[in-house]
Amino acid sequence: MSQDRGSVELVDVTKRFGSMVAVDKLNLDITAGEFISLLGPSGCGKTTTLRMLAGFEQPDEGFIRISGEFVQGVPPYKRDVNTVFQQYALFPHMTVAENVAYGLRQRHVPRSEIAARVTEALDMVKMRALADRKPRQMSGGQQQRVALARALVNRPSVLLLDEPLGALDRKLREEMQIELKLLQSQLGITFVFVTHDQEEAMGMSDRIAIMLDGHIEQLAGPETVYEHPSSAFVAGFIGRNNFWRGVSTGSGVRASDGTVFVSSSPEERVAQGAPALAAIRPECIQLSSTDPDRSTNVIAGTVAGVSHYGDVLQYVVRTAERDVLALLPRQGAVRLAPGDTVWCHWDAAEVYQFSAEQADLVIQDPAAEAAPE
Amino acid sequence: MKKLLSVHTSMALWTAAVIAFLFTPIVFLMAMSFNDFKSIFKWTGFSTRWWAHMLDNTSLTGSVRVSLEVALISTALALVLGTFAGLALARRPGRWTTGFIGLILLILVTPEIVDGAGQLSWFVRLGGPFREGLMPIILVHTVFSSAVVTLIVRARVAGLDARLEEAAADLFATPSRAFLQITLPLVMPAVLSGGMLAFTLSLDNVVSTSFVSPAGVTTFPNYVFGLSGGIIRPEVAAMATLFIAATLLAVGVVALVLRRGGQTGTEIAATFTGN
């Protein structure tokens with residue numbers, strides 16, 4: 001059994017709240033020692049899934065195994081998992097050291113060992129100096145570290161993290177991402193990380209389960225979900241994308257504005273004549289101020305806006321039907337001014353083709369939000 | 001700047017006037033316990049004789065004893081009932097929640113004279129222990145005290161992050177340990193302030209107590225209220241002074257306990273006002 005410690009298996013897990021189905025026949029296998037993220041918009045069932053692993057909720061159907069053991073009906077305090085809560089949930093009437101020692105005390109670990117392990121855990125998150133503070137005397141980032149130590153000190157088989165970085169500012173969040181990933185690879189504990197922030201998930205995870213409406217849309221490594229999104233939703237949720245509605249031509253899409261997308265990638269073919277979506281990532285779009293003289297994979301427009309982000313330039317190009325977002329590396333980028341005529345073009349290898357089912361989920365026009373008024 | 005200062009000064013004066021208005025009667029009463037004359041309505045000279053006399057007056061000391069016993073027992077009962085009711089109302093709300101809170105509010109708004117009359121006729125019908133000793137008075141006090149404690153504890157628990165209890169469970173605490181180690185310490189300020197309020201309400205109560213008191217059992221306020229001809233002797237003022245001192249001591253001890261527990265002055269003040 002010990003080689004199984006840290007593995008998690010969810011089989012056909014369903015959870016309903018009244019008439020609302022929060023988790024819908026979810027299947028997920030997590031390998032011991034893996035860093036897996038449950039990523040999705042609010043209401044996708046990721047937090048409910050985590051709460052079922054912790055034992056705060058019981059599945060209505062299906063079963064869960066943790067470290068090979070069925071956990072049906074096992075209450076949270078008997079599970080070999082620990083949680084880092086959103087907003088940390090530190091006990092306000094206890095010091096940092098008492099918070100961290102809490103789990104060990106419940107398990108009747110000898111006093112001397114508790115002291116040693118608490119110190120070790122606080123060292124691990126660089127919080128030893130603040131051991132005698134109360135939670136309210138600390139910043140959000142410090143509380144976050146204590147919450148992490150409080151969970152990890154118990155050496156759980158699985159660590160559950162419920163949007164633990166959500167309340168931190170951007171810079172701190174990026175630092176913590178690096179630290180979390182390092183800790184996880186040092187400790188070898190299975191991390192199940194719930195987030196709605198795709199950058200967090202991309203930056204840390206071995207695999208990402210992208211969730212929508214209670215099921216998993218795609219389960220794969222960060223590179224795969226970015227390079228080979230299995231659905232339009234995933235393509236829109238991970239990174240950014242420009243989407244066009246149209247009709248499948250078999251090997252591509254004829255958009256409603258007449259643009260013809262020819263794809264050389266073999267995946268996600270839609271039956272010829274069926275409604276389809278074409279997608280191009282902003283960084284795959286090239287801009288030229290002269291007509292590239294081609295009939296497909298090109299669209300003409302005018303520059304509507306330019307934004308400088310240091311390493312990249314972002315152009316918003318207004319075309320007949322929609323605004324197109326293009327990201328160009330600063331070095332060697334064509335310099336264009338608002339009002340300039342421009343041609344957007346791209347390689348056939350960069351064209352994604354999806355069925356139009358999820359069109360309403362993804363066409364909120366990523367360029368529109370960046371476009372100047 | 002000059003105008004600002006005068007606003008500041010007048011505010012200070014106004015505050016002083018309000019405080020004087022509120023506390024002069026109490027100071028007056030305390031002073032009158034050292035009066036030589038046999039009533040508190042006329043000052044004739046300084047004496048401590050009533051302080052000595054106080055302890056010889058057995059009907060006075062007996063009534064104080066009754067009051068303290070009733071207050072202690074009814075407060076203890078109200079704390080147990082009210083704390084659990086408050087927890088249940090805040091943490092496990094259901095269809096009955098609104099009706100239950102309505103009932104509690106009804107207890108608090110019903111005129112005492114109605115309560116007293118109703119309780120008396122009911123106790124007479126029940127008879128036996130309900131017409132003897134401290135039992136009827138304790139029951140009546142427990143009813144309104146538990147209503148007060150319930151509302152205060154409920155407000156506190158509702159403001160408490162439910163995830164703290166989940167965190168305890170996540171850290172291997174059984175439900176009873178989570179309650180004792182996490183929930184109870186965190187609602188303790190509400191329990192303490194509820195308890196203090198229950199205790200003072202019990203000490204204070206006159207109307208319904210006078211209805212249900214069995215023959216020969218008199219609480220301190222009812223004893224004072226029933227003094228013949230409204231002559232209040234300085235010994236009563238002395239006892240009242242003792243009460244005030246005891247109250248201040250109790251508040252001080254609670255504040256000390258809370259301070260030991262690591263609470264700040266503001267939080268302690270919040271406790272005493274039931275927030």
# chains A, B, ... in the order shown; residues from 1 in each chain; ligands from 1

$ interface_residues --of "chain A" --to "chain B" --cutoff "9 Å" --atoms "only C-alpha atoms" --output "list in words"
Ala54, Gly55, Phe56, Pro75, Pro76, Tyr77, Lys78, Arg79, Asp80, Val81, Asn82, Thr83, Val84, Phe85, Tyr88, Ala89, Leu90, Phe91, Pro92, His93, Tyr102, Gly103, Leu104, Gln106, Arg107, Lys134, Arg150, Ala151 and Asn154 of chain A

$ write_last_selection --atoms "N, CA and C atoms" --output "PDB file, in the first residue's frame"
ATOM      1  N   ALA A  54     -11.338  16.410   0.712  1.00  0.00           N
ATOM      2  CA  ALA A  54     -11.065  16.729   2.113  1.00  0.00           C
ATOM      3  C   ALA A  54     -12.039  16.023   3.041  1.00  0.00           C
ATOM      4  N   GLY A  55     -13.237  15.706   2.518  1.00  0.00           N
ATOM      5  CA  GLY A  55     -14.247  15.047   3.339  1.00  0.00           C
ATOM      6  C   GLY A  55     -15.330  15.984   3.843  1.00  0.00           C
ATOM      7  N   PHE A  56     -15.304  17.246   3.409  1.00  0.00           N
ATOM      8  CA  PHE A  56     -16.338  18.192   3.841  1.00  0.00           C
ATOM      9  C   PHE A  56     -17.652  17.937   3.110  1.00  0.00           C
ATOM     10  N   PRO A  75     -14.931  10.739   7.791  1.00  0.00           N
ATOM     11  CA  PRO A  75     -14.983  12.172   8.075  1.00  0.00           C
ATOM     12  C   PRO A  75     -13.624  12.840   7.874  1.00  0.00           C
ATOM     13  N   PRO A  76     -13.613  14.169   7.706  1.00  0.00           N
ATOM     14  CA  PRO A  76     -12.358  14.885   7.421  1.00  0.00           C
ATOM     15  C   PRO A  76     -11.249  14.579   8.424  1.00  0.00           C
ATOM     16  N   TYR A  77     -11.632  14.454   9.727  1.00  0.00           N
ATOM     17  CA  TYR A  77     -10.578  14.300  10.741  1.00  0.00           C
ATOM     18  C   TYR A  77      -9.953  12.922  10.743  1.00  0.00           C
ATOM     19  N   LYS A  78     -10.484  12.020   9.915  1.00  0.00           N
ATOM     20  CA  LYS A  78      -9.853  10.708   9.818  1.00  0.00           C
ATOM     21  C   LYS A  78      -9.143  10.528   8.482  1.00  0.00           C
ATOM     22  N   ARG A  79      -9.045  11.604   7.694  1.00  0.00           N
ATOM     23  CA  ARG A  79      -8.397  11.472   6.385  1.00  0.00           C
ATOM     24  C   ARG A  79      -6.961  11.970   6.446  1.00  0.00           C
ATOM     25  N   ASP A  80      -6.124  11.269   5.728  1.00  0.00           N
ATOM     26  CA  ASP A  80      -4.703  11.581   5.712  1.00  0.00           C
ATOM     27  C   ASP A  80      -4.410  12.666   4.670  1.00  0.00           C
ATOM     28  N   VAL A  81      -5.271  13.692   4.641  1.00  0.00           N
ATOM     29  CA  VAL A  81      -5.046  14.811   3.724  1.00  0.00           C
ATOM     30  C   VAL A  81      -5.171  16.091   4.537  1.00  0.00           C
ATOM     31  N   ASN A  82      -4.525  17.145   4.084  1.00  0.00           N
ATOM     32  CA  ASN A  82      -4.671  18.436   4.751  1.00  0.00           C
ATOM     33  C   ASN A  82      -4.923  19.505   3.710  1.00  0.00           C
ATOM     34  N   THR A  83      -5.552  20.595   4.175  1.00  0.00           N
ATOM     35  CA  THR A  83      -6.014  21.623   3.262  1.00  0.00           C
ATOM     36  C   THR A  83      -5.376  22.970   3.592  1.00  0.00           C
ATOM     37  N   VAL A  84      -5.008  23.693   2.554  1.00  0.00           N
ATOM     38  CA  VAL A  84      -4.665  25.108   2.710  1.00  0.00           C
ATOM     39  C   VAL A  84      -5.878  25.880   2.212  1.00  0.00           C
ATOM     40  N   PHE A  85      -6.550  26.569   3.137  1.00  0.00           N
ATOM     41  CA  PHE A  85      -7.828  27.166   2.816  1.00  0.00           C
ATOM     42  C   PHE A  85      -7.665  28.521   2.130  1.00  0.00           C
ATOM     43  N   TYR A  88      -6.992  31.369   4.199  1.00  0.00           N
ATOM     44  CA  TYR A  88      -6.110  30.738   5.196  1.00  0.00           C
ATOM     45  C   TYR A  88      -6.794  30.073   6.385  1.00  0.00           C
ATOM     46  N   ALA A  89      -7.890  30.678   6.927  1.00  0.00           N
ATOM     47  CA  ALA A  89      -8.599  30.079   8.068  1.00  0.00           C
ATOM     48  C   ALA A  89      -7.658  29.714   9.211  1.00  0.00           C
ATOM     49  N   LEU A  90      -6.720  30.594   9.531  1.00  0.00           N
ATOM     50  CA  LEU A  90      -5.869  30.373  10.703  1.00  0.00           C
ATOM     51  C   LEU A  90      -6.705  30.623  11.956  1.00  0.00           C
ATOM     52  N   PHE A  91      -6.391  29.883  13.029  1.00  0.00           N
ATOM     53  CA  PHE A  91      -7.134  30.081  14.272  1.00  0.00           C
ATOM     54  C   PHE A  91      -6.695  31.395  14.908  1.00  0.00           C
ATOM     55  N   PRO A  92      -7.610  32.368  15.019  1.00  0.00           N
ATOM     56  CA  PRO A  92      -7.189  33.714  15.431  1.00  0.00           C
ATOM     57  C   PRO A  92      -6.745  33.795  16.885  1.00  0.00           C
ATOM     58  N   HIS A  93      -7.177  32.827  17.715  1.00  0.00           N
ATOM     59  CA  HIS A  93      -6.834  32.905  19.134  1.00  0.00           C
ATOM     60  C   HIS A  93      -5.563  32.132  19.461  1.00  0.00           C
ATOM     61  N   TYR A 102      -1.278  22.398  15.820  1.00  0.00           N
ATOM     62  CA  TYR A 102      -2.624  21.915  16.111  1.00  0.00           C
ATOM     63  C   TYR A 102      -2.871  20.472  15.643  1.00  0.00           C
ATOM     64  N   GLY A 103      -2.524  20.207  14.392  1.00  0.00           N
ATOM     65  CA  GLY A 103      -2.782  18.872  13.840  1.00  0.00           C
ATOM     66  C   GLY A 103      -1.989  17.789  14.572  1.00  0.00           C
ATOM     67  N   LEU A 104      -0.738  18.112  14.921  1.00  0.00           N
ATOM     68  CA  LEU A 104       0.102  17.131  15.620  1.00  0.00           C
ATOM     69  C   LEU A 104      -0.455  16.849  17.012  1.00  0.00           C
ATOM     70  N   GLN A 106      -3.577  16.965  17.893  1.00  0.00           N
ATOM     71  CA  GLN A 106      -4.752  16.110  17.779  1.00  0.00           C
ATOM     72  C   GLN A 106      -4.353  14.650  17.626  1.00  0.00           C
ATOM     73  N   ARG A 107      -3.187  14.437  17.033  1.00  0.00           N
ATOM     74  CA  ARG A 107      -2.740  13.060  16.797  1.00  0.00           C
ATOM     75  C   ARG A 107      -1.859  12.543  17.924  1.00  0.00           C
ATOM     76  N   LYS A 134       0.321  36.436  16.600  1.00  0.00           N
ATOM     77  CA  LYS A 134      -1.050  36.024  16.325  1.00  0.00           C
ATOM     78  C   LYS A 134      -1.338  36.311  14.845  1.00  0.00           C
ATOM     79  N   ARG A 150       1.096  24.865   8.485  1.00  0.00           N
ATOM     80  CA  ARG A 150       0.141  24.168   9.348  1.00  0.00           C
ATOM     81  C   ARG A 150      -0.351  22.883   8.694  1.00  0.00           C
ATOM     82  N   ALA A 151      -0.482  22.912   7.370  1.00  0.00           N
ATOM     83  CA  ALA A 151      -0.931  21.712   6.663  1.00  0.00           C
ATOM     84  C   ALA A 151       0.227  20.736   6.452  1.00  0.00           C
ATOM     85  N   ASN A 154       1.972  18.075   9.041  1.00  0.00           N
ATOM     86  CA  ASN A 154       1.359  16.771   9.296  1.00  0.00           C
ATOM     87  C   ASN A 154       1.813  15.698   8.303  1.00  0.00           C
TER      88      ASN A 154
END

$ residues_around --residues "region 209-213 of chain B" --least-positions-apart "5" --cutoff "6 Å" --atoms "only C-alpha atoms" --output "number ranges by chain"
B: 116, 120, 137

$ residues_around --residues "Leu89 (chain B)" --least-positions-apart "6" --cutoff "10 Å" --atoms "only C-alpha atoms" --output "ChimeraX atom specification"
/B:83,96-98,100-101,150-151,153-155,157-158

$ write_last_selection --atoms "N, CA and C atoms" --output "mmCIF file, in the first residue's frame"
data_model
loop_
_atom_site.group_PDB
_atom_site.id
_atom_site.type_symbol
_atom_site.label_atom_id
_atom_site.label_comp_id
_atom_site.auth_asym_id
_atom_site.auth_seq_id
_atom_site.Cartn_x
_atom_site.Cartn_y
_atom_site.Cartn_z
ATOM 1 N N THR B 83 -26.099 29.330 24.798
ATOM 2 C CA THR B 83 -24.932 29.103 23.950
ATOM 3 C C THR B 83 -25.251 28.064 22.875
ATOM 4 N N TRP B 96 -37.199 26.116 10.822
ATOM 5 C CA TRP B 96 -37.701 26.566 12.111
ATOM 6 C C TRP B 96 -36.975 27.800 12.644
ATOM 7 N N THR B 97 -35.869 28.195 11.979
ATOM 8 C CA THR B 97 -35.021 29.258 12.518
ATOM 9 C C THR B 97 -35.788 30.551 12.774
ATOM 10 N N THR B 98 -36.516 31.003 11.752
ATOM 11 C CA THR B 98 -37.197 32.287 11.867
ATOM 12 C C THR B 98 -38.223 32.266 12.993
ATOM 13 N N PHE B 100 -38.254 30.386 15.585
ATOM 14 C CA PHE B 100 -37.580 30.285 16.871
ATOM 15 C C PHE B 100 -37.071 31.655 17.323
ATOM 16 N N ILE B 101 -36.473 32.397 16.383
ATOM 17 C CA ILE B 101 -35.982 33.734 16.730
ATOM 18 C C ILE B 101 -37.162 34.630 17.099
ATOM 19 N N THR B 150 -28.870 33.717 23.967
ATOM 20 C CA THR B 150 -29.034 33.132 22.634
ATOM 21 C C THR B 150 -28.755 34.164 21.545
ATOM 22 N N LEU B 151 -29.361 35.342 21.689
ATOM 23 C CA LEU B 151 -29.196 36.360 20.642
ATOM 24 C C LEU B 151 -27.748 36.827 20.540
ATOM 25 N N VAL B 153 -24.938 35.200 21.482
ATOM 26 C CA VAL B 153 -24.068 34.137 20.965
ATOM 27 C C VAL B 153 -24.320 33.919 19.473
ATOM 28 N N ARG B 154 -25.577 33.969 19.079
ATOM 29 C CA ARG B 154 -25.901 33.771 17.667
ATOM 30 C C ARG B 154 -25.207 34.826 16.804
ATOM 31 N N ALA B 155 -25.258 36.085 17.265
ATOM 32 C CA ALA B 155 -24.626 37.161 16.498
ATOM 33 C C ALA B 155 -23.128 36.901 16.354
ATOM 34 N N VAL B 157 -21.473 33.952 16.577
ATOM 35 C CA VAL B 157 -21.174 32.772 15.756
ATOM 36 C C VAL B 157 -21.398 33.085 14.275
ATOM 37 N N ALA B 158 -22.443 33.871 14.007
ATOM 38 C CA ALA B 158 -22.717 34.221 12.614
ATOM 39 C C ALA B 158 -21.543 34.995 12.018
#

$ residues_around --residues "Thr247 (chain B)" --least-positions-apart "4" --cutoff "12 Å" --atoms "only C-alpha atoms" --output "ChimeraX atom specification"
/B:196-197,199-200,203,240-243,251-254

$ write_last_selection --atoms "N, CA and C atoms" --output "compact mmCIF listing (two decimals), in the first residue's frame"
# COMPACT_ATOMS: atom_id res chain seq x y z
N MET B 196 -22.76 38.08 31.80
CA MET B 196 -22.82 39.27 32.64
C MET B 196 -24.18 39.95 32.55
N LEU B 197 -24.68 40.01 31.31
CA LEU B 197 -25.99 40.63 31.11
C LEU B 197 -27.07 39.83 31.82
N PHE B 199 -26.71 37.93 34.39
CA PHE B 199 -26.54 38.09 35.83
C PHE B 199 -27.15 39.41 36.31
N THR B 200 -26.87 40.49 35.60
CA THR B 200 -27.41 41.78 36.04
C THR B 200 -28.92 41.84 35.85
N LEU B 203 -30.33 40.10 38.82
CA LEU B 203 -30.19 40.89 40.06
C LEU B 203 -31.21 42.02 40.10
N ALA B 240 -25.93 48.50 48.51
CA ALA B 240 -25.87 48.87 47.10
C ALA B 240 -24.44 49.22 46.70
N THR B 241 -23.75 49.92 47.57
CA THR B 241 -22.35 50.27 47.30
C THR B 241 -21.51 49.00 47.14
N LEU B 242 -21.79 48.04 48.00
CA LEU B 242 -21.09 46.76 47.92
C LEU B 242 -21.35 46.09 46.57
N PHE B 243 -22.61 46.16 46.14
CA PHE B 243 -22.99 45.58 44.85
C PHE B 243 -22.21 46.23 43.71
N VAL B 251 -16.29 42.87 36.38
CA VAL B 251 -15.91 43.37 35.06
C VAL B 251 -14.40 43.37 34.92
N GLY B 252 -13.72 43.78 36.00
CA GLY B 252 -12.26 43.81 35.98
C GLY B 252 -11.66 42.43 35.78
N VAL B 253 -12.23 41.45 36.48
CA VAL B 253 -11.71 40.09 36.38
C VAL B 253 -11.90 39.55 34.96
N VAL B 254 -13.10 39.79 34.40
CA VAL B 254 -13.36 39.32 33.04
C VAL B 254 -12.40 39.98 32.06
